[in-house]
file data.cif (mmCIF, C-alpha atoms)
data_data
#
loop_
_atom_site.label_atom_id
_atom_site.label_comp_id
_atom_site.auth_asym_id
_atom_site.auth_seq_id
_atom_site.Cartn_x
_atom_site.Cartn_y
_atom_site.Cartn_z
CA MET A 1 37.57 -19.48 -101.17
CA LYS A 2 37.44 -17.78 -97.85
CA TYR A 3 39.79 -15.06 -99.11
CA ILE A 4 37.71 -14.25 -102.20
CA PHE A 5 34.99 -12.17 -100.46
CA PRO A 6 37.39 -10.02 -98.42
CA LEU A 7 39.45 -9.33 -101.51
CA LEU A 8 36.29 -8.50 -103.49
CA PHE A 9 35.09 -6.06 -100.77
CA ILE A 10 38.48 -4.36 -100.72
CA ALA A 11 38.40 -4.00 -104.48
CA ILE A 12 34.87 -2.49 -104.48
CA PHE A 13 35.74 -0.07 -101.63
CA THR A 14 38.88 1.04 -103.44
CA VAL A 15 36.97 1.71 -106.64
CA SER A 16 34.23 3.59 -104.72
CA CYS A 17 36.74 5.82 -102.91
CA SER A 18 38.51 6.41 -106.14
CA GLY A 19 35.20 7.49 -107.72
CA GLU A 20 34.28 9.80 -104.84
CA LYS A 21 37.73 11.34 -104.91
CA LYS A 22 37.45 11.82 -108.64
CA ASN A 23 34.04 13.54 -108.15
CA SER A 24 35.09 15.64 -105.12
CA VAL A 25 34.79 19.46 -105.09
CA GLU A 26 38.55 19.84 -105.09
CA ASN A 27 38.99 17.50 -108.08
CA VAL A 28 36.17 19.25 -110.01
CA ILE A 29 37.78 22.62 -109.36
CA GLU A 30 41.19 21.31 -110.48
CA GLN A 31 39.69 20.12 -113.76
CA GLY A 32 38.62 23.69 -114.55
CA ASN A 33 35.63 22.64 -116.62
CA LEU A 34 32.82 25.23 -116.25
CA GLU A 35 29.99 22.82 -117.02
CA THR A 36 31.34 20.23 -114.57
CA ILE A 37 31.67 22.88 -111.84
CA ARG A 38 28.08 24.12 -112.41
CA ALA A 39 26.79 20.57 -112.35
CA LYS A 40 28.58 19.90 -109.05
CA ARG A 41 27.18 23.08 -107.54
CA GLY A 42 23.62 22.15 -108.56
CA GLU A 43 24.12 18.73 -107.00
CA LEU A 44 25.23 20.27 -103.69
CA VAL A 45 22.35 22.82 -103.65
CA GLY A 46 19.87 19.95 -104.12
CA GLU A 47 21.44 18.07 -101.22
CA GLN A 48 21.29 21.22 -99.05
CA GLN A 49 17.59 21.77 -99.76
CA ALA A 50 16.85 18.14 -98.94
CA ILE A 51 18.70 18.49 -95.66
CA ASN A 52 16.80 21.72 -94.77
CA ASP A 53 13.48 20.02 -95.47
CA LYS A 54 14.42 17.15 -93.17
CA ILE A 55 15.51 19.60 -90.42
CA LYS A 56 12.17 21.42 -90.72
CA LEU A 57 10.29 18.14 -90.31
CA LEU A 58 12.37 17.34 -87.24
CA ASP A 59 11.69 20.82 -85.73
CA GLU A 60 7.94 20.45 -86.21
CA LYS A 61 8.02 17.03 -84.52
CA ILE A 62 10.07 18.46 -81.64
CA LYS A 63 7.42 21.19 -81.14
CA THR A 64 4.68 18.59 -80.84
CA LEU A 65 6.67 16.42 -78.43
CA ASP A 66 8.48 19.07 -76.34
CA SER A 67 6.38 19.99 -73.29
CA VAL A 68 8.55 23.03 -72.43
CA LYS A 69 7.88 25.97 -74.76
CA HIS A 70 10.87 28.30 -75.23
CA VAL A 71 8.95 31.42 -76.25
CA PRO A 72 9.40 35.04 -75.10
CA LEU A 73 7.25 36.15 -72.18
CA ILE A 74 5.47 39.45 -72.80
CA THR A 75 2.78 41.75 -71.47
CA THR A 76 0.20 43.46 -73.65
CA PHE A 77 -2.49 46.12 -73.60
CA LYS A 78 -5.51 46.69 -75.78
CA ALA A 79 -5.83 49.78 -77.94
CA GLU A 80 -9.18 51.41 -77.23
CA ALA A 81 -10.64 54.52 -78.87
CA GLU A 82 -11.01 57.47 -76.48
CA VAL A 83 -11.24 61.25 -76.44
CA PHE A 84 -7.85 62.91 -76.95
CA ASN A 85 -7.42 66.53 -75.94
CA HIS A 86 -3.99 67.69 -77.04
CA VAL A 87 -2.61 70.77 -75.30
CA LEU A 88 0.00 73.37 -76.16
CA GLU A 89 2.12 74.27 -73.13
CA LEU A 90 3.28 77.90 -72.81
CA GLN A 91 4.43 80.43 -70.22
CA GLY A 92 2.56 83.66 -69.55
CA ASN A 93 2.33 86.64 -67.22
CA VAL A 94 -0.66 87.85 -65.27
CA THR A 95 -1.65 91.42 -66.04
CA THR A 96 -4.64 93.77 -66.09
CA LYS A 97 -5.72 96.72 -68.14
CA ASP A 98 -6.75 98.44 -64.88
CA LEU A 99 -3.19 99.08 -63.70
CA LEU A 100 -2.01 102.66 -64.04
CA THR A 101 0.66 104.98 -62.73
CA ILE A 102 -1.06 108.35 -62.49
CA THR A 103 0.81 111.45 -63.67
CA PRO A 104 -0.46 115.06 -63.38
CA GLU A 105 -1.91 117.12 -66.23
CA TYR A 106 -0.70 120.35 -64.65
CA SER A 107 2.70 121.49 -63.41
CA GLY A 108 3.01 122.91 -59.93
CA ILE A 109 3.27 122.10 -56.23
CA LEU A 110 1.40 119.01 -54.99
CA THR A 111 -0.46 120.72 -52.18
CA ASN A 112 -2.70 117.85 -51.02
CA VAL A 113 -2.80 114.04 -51.22
CA TYR A 114 -6.19 112.81 -50.04
CA VAL A 115 -5.63 109.03 -50.12
CA LYS A 116 -3.35 106.47 -48.50
CA GLU A 117 -1.72 103.29 -49.75
CA GLY A 118 -4.16 100.36 -49.73
CA GLN A 119 -7.20 102.63 -49.79
CA LYS A 120 -10.07 101.66 -52.07
CA VAL A 121 -11.31 104.44 -54.32
CA THR A 122 -14.10 104.86 -56.84
CA LYS A 123 -13.97 106.22 -60.37
CA GLY A 124 -13.89 110.03 -60.36
CA GLN A 125 -12.88 110.33 -56.70
CA THR A 126 -10.43 113.18 -55.94
CA LEU A 127 -7.02 111.79 -55.09
CA ALA A 128 -4.77 114.87 -54.93
CA LYS A 129 -4.63 118.63 -55.57
CA ILE A 130 -1.98 120.73 -57.31
CA ASP A 131 -1.56 124.48 -56.66
CA ASP A 132 -3.18 126.34 -59.58
CA GLY A 133 -0.74 129.25 -59.46
CA GLY A 134 -3.42 131.98 -59.23
CA LEU A 135 -5.78 130.60 -61.86
CA SER A 136 -8.67 130.72 -59.38
CA GLN A 137 -8.29 134.49 -59.01
CA GLN A 138 -8.19 134.89 -62.76
CA LEU A 139 -11.35 132.82 -63.02
CA ALA A 140 -13.13 135.07 -60.53
CA GLN A 141 -12.23 138.17 -62.56
CA LEU A 142 -13.32 136.52 -65.80
CA LYS A 143 -16.65 135.59 -64.24
CA ILE A 144 -17.26 139.25 -63.27
CA GLN A 145 -16.43 140.36 -66.80
CA ALA A 146 -18.64 137.63 -68.20
CA GLU A 147 -21.56 138.77 -66.03
CA LEU A 148 -21.14 142.33 -67.27
CA ALA A 149 -20.99 141.15 -70.86
CA LYS A 150 -24.11 139.09 -70.29
CA THR A 151 -26.03 142.06 -68.85
CA THR A 152 -24.96 144.29 -71.72
CA TYR A 153 -25.97 141.68 -74.26
CA GLU A 154 -29.39 141.12 -72.68
CA ARG A 155 -30.14 144.89 -72.65
CA GLN A 156 -28.97 145.34 -76.21
CA GLN A 157 -31.14 142.38 -77.23
CA ARG A 158 -34.27 143.95 -75.70
CA LEU A 159 -33.57 147.24 -77.47
CA TRP A 160 -33.00 145.44 -80.76
CA GLU A 161 -36.30 143.62 -80.38
CA GLN A 162 -37.95 147.07 -79.99
CA ASN A 163 -36.15 148.28 -83.14
CA ILE A 164 -34.03 150.61 -81.03
CA GLY A 165 -30.31 150.90 -81.71
CA SER A 166 -28.19 149.53 -84.52
CA GLU A 167 -27.66 145.92 -85.51
CA ILE A 168 -23.89 146.27 -85.15
CA GLN A 169 -24.23 147.24 -81.49
CA PHE A 170 -26.38 144.14 -80.86
CA LEU A 171 -23.92 141.83 -82.64
CA GLN A 172 -20.91 143.31 -80.83
CA SER A 173 -22.54 142.77 -77.41
CA LYS A 174 -23.42 139.21 -78.34
CA SER A 175 -19.88 138.49 -79.52
CA THR A 176 -18.37 139.98 -76.37
CA TYR A 177 -20.62 137.89 -74.15
CA GLU A 178 -19.87 134.64 -76.00
CA SER A 179 -16.12 135.36 -75.89
CA GLN A 180 -16.24 135.92 -72.15
CA GLU A 181 -18.20 132.69 -71.63
CA GLU A 182 -15.66 130.73 -73.68
CA ALA A 183 -12.77 132.26 -71.72
CA VAL A 184 -14.44 131.23 -68.45
CA ASN A 185 -14.98 127.67 -69.69
CA GLN A 186 -11.38 127.33 -70.89
CA LEU A 187 -10.02 128.57 -67.57
CA LYS A 188 -12.31 126.16 -65.71
CA GLN A 189 -10.91 123.27 -67.77
CA GLN A 190 -7.39 124.45 -67.01
CA ILE A 191 -8.12 124.61 -63.28
CA SER A 192 -9.78 121.15 -63.35
CA LYS A 193 -6.41 119.72 -64.37
CA THR A 194 -5.04 120.71 -60.97
CA THR A 195 -7.36 118.14 -59.38
CA VAL A 196 -6.17 114.52 -59.73
CA LYS A 197 -9.07 112.06 -59.94
CA ALA A 198 -9.29 108.27 -60.07
CA PRO A 199 -9.62 107.07 -63.70
CA PHE A 200 -11.34 103.85 -62.52
CA SER A 201 -12.36 102.14 -59.31
CA GLY A 202 -9.59 100.23 -57.58
CA THR A 203 -6.99 100.30 -54.84
CA ILE A 204 -4.15 102.79 -54.32
CA ASP A 205 -1.18 100.46 -54.48
CA ASP A 206 1.59 103.02 -53.97
CA ILE A 207 2.00 106.74 -53.22
CA ILE A 208 5.05 107.70 -55.25
CA THR A 209 5.24 111.49 -54.81
CA GLU A 210 4.72 113.04 -51.39
CA GLN A 211 2.70 116.11 -50.61
CA GLY A 212 4.64 119.36 -51.11
CA SER A 213 6.70 118.15 -54.04
CA VAL A 214 6.93 120.02 -57.32
CA VAL A 215 5.46 117.97 -60.15
CA ALA A 216 5.63 118.29 -63.95
CA ALA A 217 2.74 117.62 -66.26
CA GLY A 218 2.92 114.17 -67.86
CA GLN A 219 6.28 113.37 -66.24
CA SER A 220 6.08 113.07 -62.45
CA PRO A 221 4.48 109.81 -61.25
CA LEU A 222 2.10 110.55 -58.41
CA MET A 223 0.63 107.21 -57.39
CA ARG A 224 -0.23 103.74 -58.73
CA ILE A 225 -3.81 102.48 -58.84
CA VAL A 226 -4.83 98.90 -59.60
CA ASN A 227 -8.07 96.96 -59.98
CA LEU A 228 -7.80 93.16 -59.49
CA ASP A 229 -11.26 92.37 -60.86
CA ASN A 230 -10.40 92.33 -64.57
CA MET A 231 -7.30 90.10 -64.59
CA TYR A 232 -5.99 88.14 -67.55
CA ILE A 233 -2.88 86.31 -68.74
CA GLU A 234 -0.99 87.39 -71.82
CA THR A 235 1.23 85.01 -73.77
CA GLU A 236 2.81 84.70 -77.21
CA VAL A 237 1.92 81.74 -79.42
CA PRO A 238 4.03 80.52 -82.40
CA GLU A 239 2.44 81.36 -85.75
CA ARG A 240 2.04 77.68 -86.76
CA TYR A 241 -0.80 77.43 -84.23
CA VAL A 242 -2.72 80.40 -85.66
CA SER A 243 -5.58 78.19 -86.90
CA ASP A 244 -5.66 75.97 -83.78
CA VAL A 245 -5.41 78.51 -80.95
CA THR A 246 -8.52 80.65 -81.29
CA LYS A 247 -11.00 82.56 -79.16
CA GLY A 248 -13.06 80.30 -76.90
CA LYS A 249 -10.55 77.40 -76.72
CA SER A 250 -10.20 75.79 -73.27
CA VAL A 251 -7.14 76.62 -71.18
CA SER A 252 -5.80 75.15 -67.93
CA VAL A 253 -3.88 77.81 -66.00
CA ASN A 254 -1.45 76.86 -63.26
CA ILE A 255 0.09 79.54 -61.02
CA PRO A 256 2.96 77.78 -59.20
CA VAL A 257 3.46 80.47 -56.54
CA LEU A 258 -0.14 80.16 -55.38
CA GLY A 259 -0.43 76.42 -56.03
CA LYS A 260 -3.64 77.16 -57.91
CA THR A 261 -5.02 75.68 -61.14
CA ILE A 262 -7.87 77.41 -62.98
CA GLU A 263 -9.92 76.15 -65.91
CA THR A 264 -10.80 79.02 -68.24
CA LYS A 265 -10.93 80.04 -71.91
CA ILE A 266 -9.16 82.27 -74.44
CA ARG A 267 -10.93 85.63 -74.54
CA GLN A 268 -8.91 87.12 -77.39
CA ALA A 269 -6.48 85.84 -80.03
CA GLY A 270 -4.43 88.44 -81.87
CA ASP A 271 -4.67 88.96 -85.63
CA PHE A 272 -1.15 90.40 -85.94
CA ILE A 273 1.95 88.22 -86.41
CA ASN A 274 5.02 89.80 -84.84
CA PRO A 275 7.67 89.71 -87.61
CA ALA A 276 10.50 89.75 -85.06
CA ASN A 277 9.65 86.39 -83.42
CA ARG A 278 6.79 85.05 -85.63
CA THR A 279 4.26 84.91 -82.78
CA PHE A 280 0.82 86.33 -82.04
CA LYS A 281 -0.61 87.45 -78.70
CA VAL A 282 -3.32 85.63 -76.79
CA GLU A 283 -5.28 86.84 -73.76
CA VAL A 284 -6.70 84.32 -71.28
CA GLU A 285 -9.17 85.58 -68.71
CA ILE A 286 -8.86 84.44 -65.10
CA PRO A 287 -11.43 84.96 -62.34
CA ASN A 288 -10.03 86.57 -59.21
CA LYS A 289 -12.81 86.72 -56.64
CA ASP A 290 -10.49 86.33 -53.66
CA LYS A 291 -8.02 88.91 -55.07
CA ALA A 292 -5.16 86.42 -54.54
CA ILE A 293 -3.87 86.72 -58.12
CA LYS A 294 -1.58 89.72 -58.60
CA PRO A 295 -0.19 91.42 -61.72
CA ASN A 296 3.10 90.06 -63.12
CA LEU A 297 2.76 86.61 -61.56
CA SER A 298 4.13 83.82 -63.79
CA ALA A 299 1.67 81.23 -65.06
CA ARG A 300 1.85 77.96 -66.99
CA LEU A 301 -0.76 77.53 -69.69
CA LYS A 302 -2.09 74.36 -71.29
CA ILE A 303 -4.13 75.44 -74.30
CA ASN A 304 -6.36 72.85 -76.00
CA ASP A 305 -5.30 73.14 -79.65
CA TYR A 306 -6.55 69.75 -80.94
CA THR A 307 -9.33 67.31 -80.01
CA SER A 308 -10.14 63.85 -81.39
CA GLU A 309 -13.26 62.05 -80.20
CA ASN A 310 -12.06 58.55 -81.23
CA ALA A 311 -8.30 58.49 -80.87
CA LEU A 312 -6.12 55.40 -80.45
CA LEU A 313 -3.43 56.36 -77.92
CA ILE A 314 -0.38 54.23 -77.13
CA PRO A 315 2.85 54.78 -75.14
CA GLN A 316 5.70 56.11 -77.23
CA SER A 317 7.97 53.47 -75.65
CA VAL A 318 6.36 50.66 -77.67
CA VAL A 319 6.89 52.41 -81.02
CA SER A 320 9.98 51.45 -83.05
CA GLU A 321 11.32 52.66 -86.37
CA ASN A 322 12.83 50.67 -89.23
CA SER A 323 15.66 51.62 -91.60
CA GLU A 324 13.19 53.22 -93.99
CA GLY A 325 11.89 55.59 -91.33
CA GLU A 326 8.57 53.74 -90.90
CA GLN A 327 7.15 53.43 -87.40
CA TYR A 328 5.79 50.10 -86.23
CA VAL A 329 4.50 48.17 -83.21
CA TYR A 330 4.03 44.48 -82.47
CA VAL A 331 0.55 43.04 -81.96
CA VAL A 332 -0.42 39.57 -80.80
CA THR A 333 -2.55 37.48 -83.17
CA ASN A 334 -4.02 33.95 -83.02
CA LYS A 335 -3.75 33.77 -79.24
CA ASN A 336 -5.01 30.50 -77.75
CA ALA A 337 -6.52 29.75 -74.35
CA LYS A 338 -3.06 29.29 -72.82
CA GLY A 339 -1.95 32.79 -73.87
CA ILE A 340 0.31 31.59 -76.69
CA GLY A 341 0.09 33.69 -79.82
CA THR A 342 2.10 35.10 -82.71
CA ALA A 343 3.87 38.46 -82.75
CA LYS A 344 3.00 40.48 -85.83
CA ARG A 345 4.77 43.67 -86.85
CA VAL A 346 2.33 46.39 -87.92
CA ILE A 347 3.37 49.59 -89.71
CA ILE A 348 1.56 52.61 -88.23
CA GLU A 349 1.14 56.32 -88.94
CA THR A 350 1.25 58.58 -85.88
CA GLY A 351 -0.07 62.05 -85.08
CA LYS A 352 0.32 64.35 -82.10
CA THR A 353 2.10 63.45 -78.89
CA GLN A 354 1.23 64.37 -75.30
CA GLU A 355 3.93 63.67 -72.70
CA ASP A 356 4.67 59.92 -73.24
CA ILE A 357 1.50 59.21 -75.23
CA ILE A 358 1.23 59.28 -79.03
CA GLU A 359 -1.85 59.15 -81.26
CA VAL A 360 -2.07 56.43 -83.93
CA LEU A 361 -3.79 57.67 -87.09
CA LYS A 362 -3.44 54.59 -89.31
CA GLY A 363 -2.40 50.95 -89.03
CA LEU A 364 -4.18 49.86 -85.83
CA GLU A 365 -7.73 48.76 -85.20
CA ASP A 366 -9.75 49.40 -82.09
CA GLY A 367 -9.19 46.49 -79.67
CA ALA A 368 -5.81 45.42 -81.10
CA GLU A 369 -3.62 43.68 -78.48
CA ILE A 370 -0.25 45.46 -78.52
CA ILE A 371 2.95 44.11 -76.99
CA LYS A 372 4.21 46.37 -74.19
CA GLU A 373 6.96 44.72 -72.12
CA GLY A 374 9.17 42.60 -74.36
CA ALA A 375 8.38 44.50 -77.55
CA ARG A 376 12.07 45.09 -78.23
CA SER A 377 13.00 41.42 -78.01
CA VAL A 378 10.47 39.78 -80.34
CA ARG A 379 10.54 39.16 -84.08
CA ASP A 380 7.83 39.23 -86.69
CA GLY A 381 6.07 35.88 -86.81
CA GLN A 382 7.60 34.63 -83.54
CA SER A 383 5.54 32.71 -80.99
CA VAL A 384 5.05 34.61 -77.72
CA GLU A 385 3.37 33.94 -74.40
CA VAL A 386 1.22 36.68 -72.86
CA LEU A 387 1.74 36.86 -69.11
CA LYS A 388 -0.88 39.54 -68.49
CA ILE A 389 -2.78 42.37 -70.13
CA ASP A 390 -1.72 45.72 -68.58
CA GLU A 391 -3.17 49.17 -68.57
CA LYS A 392 -1.42 50.90 -71.46
CA ASN A 393 -0.04 53.64 -69.23
#
call {"tool": "encode", "arguments": {"input": "data.cif", "output": "structure tokens"}}
result
Amino acid sequence: MKYIFPLLFIAIFTVSCSGEKKNSVENVIEQGNLETIRAKRGELVGEQQAINDKIKLLDEKIKTLDSVKHVPLITTFKAEAEVFNHVLELQGNVTTKDLLTITPEYSGILTNVYVKEGQKVTKGQTLAKIDDGGLSQQLAQLKIQAELAKTTYERQQRLWEQNIGSEIQFLQSKSTYESQEEAVNQLKQQISKTTVKAPFSGTIDDIITEQGSVVAAGQSPLMRIVNLDNMYIETEVPERYVSDVTKGKSVSVNIPVLGKTIETKIRQAGDFINPANRTFKVEVEIPNKDKAIKPNLSARLKINDYTSENALLIPQSVVSENSEGEQYVYVVTNKNAKGIGTAKRVIIETGKTQEDIIEVLKGLEDGAEIIKEGARSVRDGQSVEVLKIDEKN
């Protein structure tokens, strides 16, 4: 009797193993029956789902019992609406319209130079004299002839008024007098060209031709005059900014050589697009009370081409891009008193950039808490712990 139960157990175990072996994956595959194989697969999928559900229950229980939270440590900042002044950075040169190299209007010997380098002069002041080549003597003779013609005309006019003499004699004397007057005036204009005068008030920057030299009209440079009161910066702006860079826009001008920064405005924006480089010219006025700014100095310009009164600005370093080309950031939601929250991926639409800052046009709300340090190591829906809230920059 004592051997019956062991033998019975062995028999049941043998039958069970035989059944499991008969229903094993390998045996089902060897049978080659499609319906049997599908049935076996469904059985295994059901077992897998049951196991996953049990694992999930165990994980949730572990979370409630485990006192040590293994969550990423991050820092955040809050997105706050602020004024955003975007600037276009360009290079320019200082210049002035009151900068001129004076050339003579008359050819001859430069007999006198009345000014020195560095001397201040006023508009119309005589700067130099060129030998007139005998025109003064000719003028004196013409004046004598003109006086005679005038006397003859006046006498003939009195006689004509008394109905004495012929009309032709009166008209001839009048014509002769007027011709002599015109000849005198023309010669005076010719002689005036031998005197070099200042076209505007300024400073004699350089005496180029020395006294005694022979000069040619319109060719020989005599001296350079400059006025530092009306200074401006000229630069070329790409055509895509034609509607943004306009007269009156604010400009920050930095002149590295002088270590000086000036806040000013655009005084003129060109209406012509240069077809060679697709740019238009812009003039920026600069005050120069101390006369420290000189022509041809290099300047760096920051032109305000865009302003938003309520812009959400974030560092470019926290912005990522997915495989579809969409930009996104991670924000913290459902944060509790201990700083534990959930990382949420938010798709955003961005606008202009300024250095390492970028403007967010869509996707973020004012006050959103954005992950800064640790943004690259979190996943959507993951629990995170906020160590501190930083300044965004």
call {"tool": "resolve_selection", "arguments": {"input": "data.cif", "expression": "the PyMOL selection byres ((chain A and resi 112-120) around 10)", "output": "PyMOL selection string"}}
result
chain A and resi 109-111+121-122+125-131+195-196+201-213+222-227
call {"tool": "write_last_selection", "arguments": {"input": "data.cif", "atoms": "C-alpha atoms", "output": "PDB file, keeping the file's coordinate frame"}}
result
ATOM      1  CA  ILE A 109       3.270 122.100 -56.230  1.00  0.00           C
ATOM      2  CA  LEU A 110       1.400 119.010 -54.990  1.00  0.00           C
ATOM      3  CA  THR A 111      -0.460 120.720 -52.180  1.00  0.00           C
ATOM      4  CA  VAL A 121     -11.310 104.440 -54.320  1.00  0.00           C
ATOM      5  CA  THR A 122     -14.100 104.860 -56.840  1.00  0.00           C
ATOM      6  CA  GLN A 125     -12.880 110.330 -56.700  1.00  0.00           C
ATOM      7  CA  THR A 126     -10.430 113.180 -55.940  1.00  0.00           C
ATOM      8  CA  LEU A 127      -7.020 111.790 -55.090  1.00  0.00           C
ATOM      9  CA  ALA A 128      -4.770 114.870 -54.930  1.00  0.00           C
ATOM     10  CA  LYS A 129      -4.630 118.630 -55.570  1.00  0.00           C
ATOM     11  CA  ILE A 130      -1.980 120.730 -57.310  1.00  0.00           C
ATOM     12  CA  ASP A 131      -1.560 124.480 -56.660  1.00  0.00           C
ATOM     13  CA  THR A 195      -7.360 118.140 -59.380  1.00  0.00           C
ATOM     14  CA  VAL A 196      -6.170 114.520 -59.730  1.00  0.00           C
ATOM     15  CA  SER A 201     -12.360 102.140 -59.310  1.00  0.00           C
ATOM     16  CA  GLY A 202      -9.590 100.230 -57.580  1.00  0.00           C
ATOM     17  CA  THR A 203      -6.990 100.300 -54.840  1.00  0.00           C
ATOM     18  CA  ILE A 204      -4.150 102.790 -54.320  1.00  0.00           C
ATOM     19  CA  ASP A 205      -1.180 100.460 -54.480  1.00  0.00           C
ATOM     20  CA  ASP A 206       1.590 103.020 -53.970  1.00  0.00           C
ATOM     21  CA  ILE A 207       2.000 106.740 -53.220  1.00  0.00           C
ATOM     22  CA  ILE A 208       5.050 107.700 -55.250  1.00  0.00           C
ATOM     23  CA  THR A 209       5.240 111.490 -54.810  1.00  0.00           C
ATOM     24  CA  GLU A 210       4.720 113.040 -51.390  1.00  0.00           C
ATOM     25  CA  GLN A 211       2.700 116.110 -50.610  1.00  0.00           C
ATOM     26  CA  GLY A 212       4.640 119.360 -51.110  1.00  0.00           C
ATOM     27  CA  SER A 213       6.700 118.150 -54.040  1.00  0.00           C
ATOM     28  CA  LEU A 222       2.100 110.550 -58.410  1.00  0.00           C
ATOM     29  CA  MET A 223       0.630 107.210 -57.390  1.00  0.00           C
ATOM     30  CA  ARG A 224      -0.230 103.740 -58.730  1.00  0.00           C
ATOM     31  CA  ILE A 225      -3.810 102.480 -58.840  1.00  0.00           C
ATOM     32  CA  VAL A 226      -4.830  98.900 -59.600  1.00  0.00           C
ATOM     33  CA  ASN A 227      -8.070  96.960 -59.980  1.00  0.00           C
TER      34      ASN A 227
END
call {"tool": "residues_around", "arguments": {"input": "data.cif", "residues": "Ala269 of chain A", "least_positions_apart": "6", "cutoff": "9 Å", "atoms": "all atoms listed in the file", "output": "VMD selection string"}}
result
chain A and resid 242 245 to 247 280 to 284
call {"tool": "write_last_selection", "arguments": {"input": "data.cif", "atoms": "C-alpha atoms", "output": "compact mmCIF listing (two decimals), in the coordinates of the input"}}
result
# COMPACT_ATOMS: atom_id res chain seq x y z
CA VAL A 242 -2.72 80.40 -85.66
CA VAL A 245 -5.41 78.51 -80.95
CA THR A 246 -8.52 80.65 -81.29
CA LYS A 247 -11.00 82.56 -79.16
CA PHE A 280 0.82 86.33 -82.04
CA LYS A 281 -0.61 87.45 -78.70
CA VAL A 282 -3.32 85.63 -76.79
CA GLU A 283 -5.28 86.84 -73.76
CA VAL A 284 -6.70 84.32 -71.28
call {"tool": "resolve_selection", "arguments": {"input": "data.cif", "expression": "the PyMOL selection byres ((chain A and resi 345) around 6)", "output": "short mmCIF file (atom, residue, chain, number, x, y, z; two decimals) with C-alpha atoms, in the coordinates of the input"}}
result
data_model
loop_
_atom_site.label_atom_id
_atom_site.label_comp_id
_atom_site.auth_asym_id
_atom_site.auth_seq_id
_atom_site.Cartn_x
_atom_site.Cartn_y
_atom_site.Cartn_z
CA VAL A 329 4.50 48.17 -83.21
CA TYR A 330 4.03 44.48 -82.47
CA LYS A 344 3.00 40.48 -85.83
CA VAL A 346 2.33 46.39 -87.92
CA ASP A 380 7.83 39.23 -86.69
#
call {"tool": "residues_around", "arguments": {"input": "data.cif", "residues": "Arg240 of chain A", "least_positions_apart": "3", "cutoff": "9 Å", "atoms": "all atoms listed in the file", "output": "PyMOL selection string"}}
result
chain A and resi 237+243-244+278-279
call {"tool": "resolve_selection", "arguments": {"input": "data.cif", "expression": "the PyMOL selection byres ((chain A and resi 74) around 7)", "output": "ChimeraX atom specification"}}
result
/A:72-73,75-76,371,373-374,384-387
call {"tool": "atom_distance", "arguments": {"input": "data.cif", "atom1": "atom CA of Ile191 of chain A", "atom2": "atom CA of Ala149 of chain A"}}
result
22.3 Å
call {"tool": "closest_residue", "arguments": {"input": "data.cif", "among": "A:Tyr306, A:Gln156, A:Gln186, A:Val331", "to": "Gln172 of chain A", "atoms": "all atoms listed in the file"}}
result
A:Gln156
call {"tool": "residues_around", "arguments": {"input": "data.cif", "residues": "Asp132 of chain A", "least_positions_apart": "6", "cutoff": "9 Å", "atoms": "all atoms listed in the file", "output": "short mmCIF file (atom, residue, chain, number, x, y, z; two decimals) with C-alpha atoms, in the frame of the given file"}}
result
data_model
loop_
_atom_site.label_atom_id
_atom_site.label_comp_id
_atom_site.auth_asym_id
_atom_site.auth_seq_id
_atom_site.Cartn_x
_atom_site.Cartn_y
_atom_site.Cartn_z
CA TYR A 106 -0.70 120.35 -64.65
CA SER A 107 2.70 121.49 -63.41
CA GLY A 108 3.01 122.91 -59.93
CA ILE A 109 3.27 122.10 -56.23
CA GLN A 190 -7.39 124.45 -67.01
CA ILE A 191 -8.12 124.61 -63.28
CA LYS A 193 -6.41 119.72 -64.37
CA THR A 194 -5.04 120.71 -60.97
#
call {"tool": "closest_residue", "arguments": {"input": "data.cif", "among": "A:Ala79, A:Val214, A:Leu44, A:Leu90", "to": "Asp305 of chain A", "atoms": "only C-alpha atoms"}}
result
A:Leu90
call {"tool": "atom_distance", "arguments": {"input": "data.cif", "atom1": "atom CA of Ala198 of chain A", "atom2": "atom CA of Gln219 of chain A"}}
result
17.5 Å
call {"tool": "atom_distance", "arguments": {"input": "data.cif", "atom1": "atom CA of Lys54 of chain A", "atom2": "atom CA of Arg41 of chain A"}}
result
20.1 Å
call {"tool": "closest_residue", "arguments": {"input": "data.cif", "among": "A:Ile102, A:Leu139, A:Val251, A:Leu159", "to": "Pro199 of chain A", "atoms": "all atoms listed in the file"}}
result
A:Ile102
call {"tool": "closest_atom_pairs", "arguments": {"input": "data.cif", "of": "segment 78-166 of chain A", "to": "segment 288-291 of chain A", "cutoff": "12 Å", "atoms": "all atoms listed in the file", "output": "JSON lines"}}
result
{"residue": "A:Val94", "atom": "CA", "partner": "A:Asn288", "partner_atom": "CA", "distance": 11.2}
{"residue": "A:Thr95", "atom": "CA", "partner": "A:Asn288", "partner_atom": "CA", "distance": 11.8}
{"residue": "A:Thr96", "atom": "CA", "partner": "A:Asn288", "partner_atom": "CA", "distance": 11.3}
call {"tool": "residues_around", "arguments": {"input": "data.cif", "residues": "Ala183 of chain A", "least_positions_apart": "6", "cutoff": "12 Å", "atoms": "only C-alpha atoms", "output": "ChimeraX atom specification"}}
result
/A:138-146,176-177,189-190
call {"tool": "closest_residue", "arguments": {"input": "data.cif", "among": "A:Lys302, A:Lys188, A:Arg379, A:His86", "to": "Ile262 of chain A", "atoms": "only C-alpha atoms"}}
result
A:Lys302
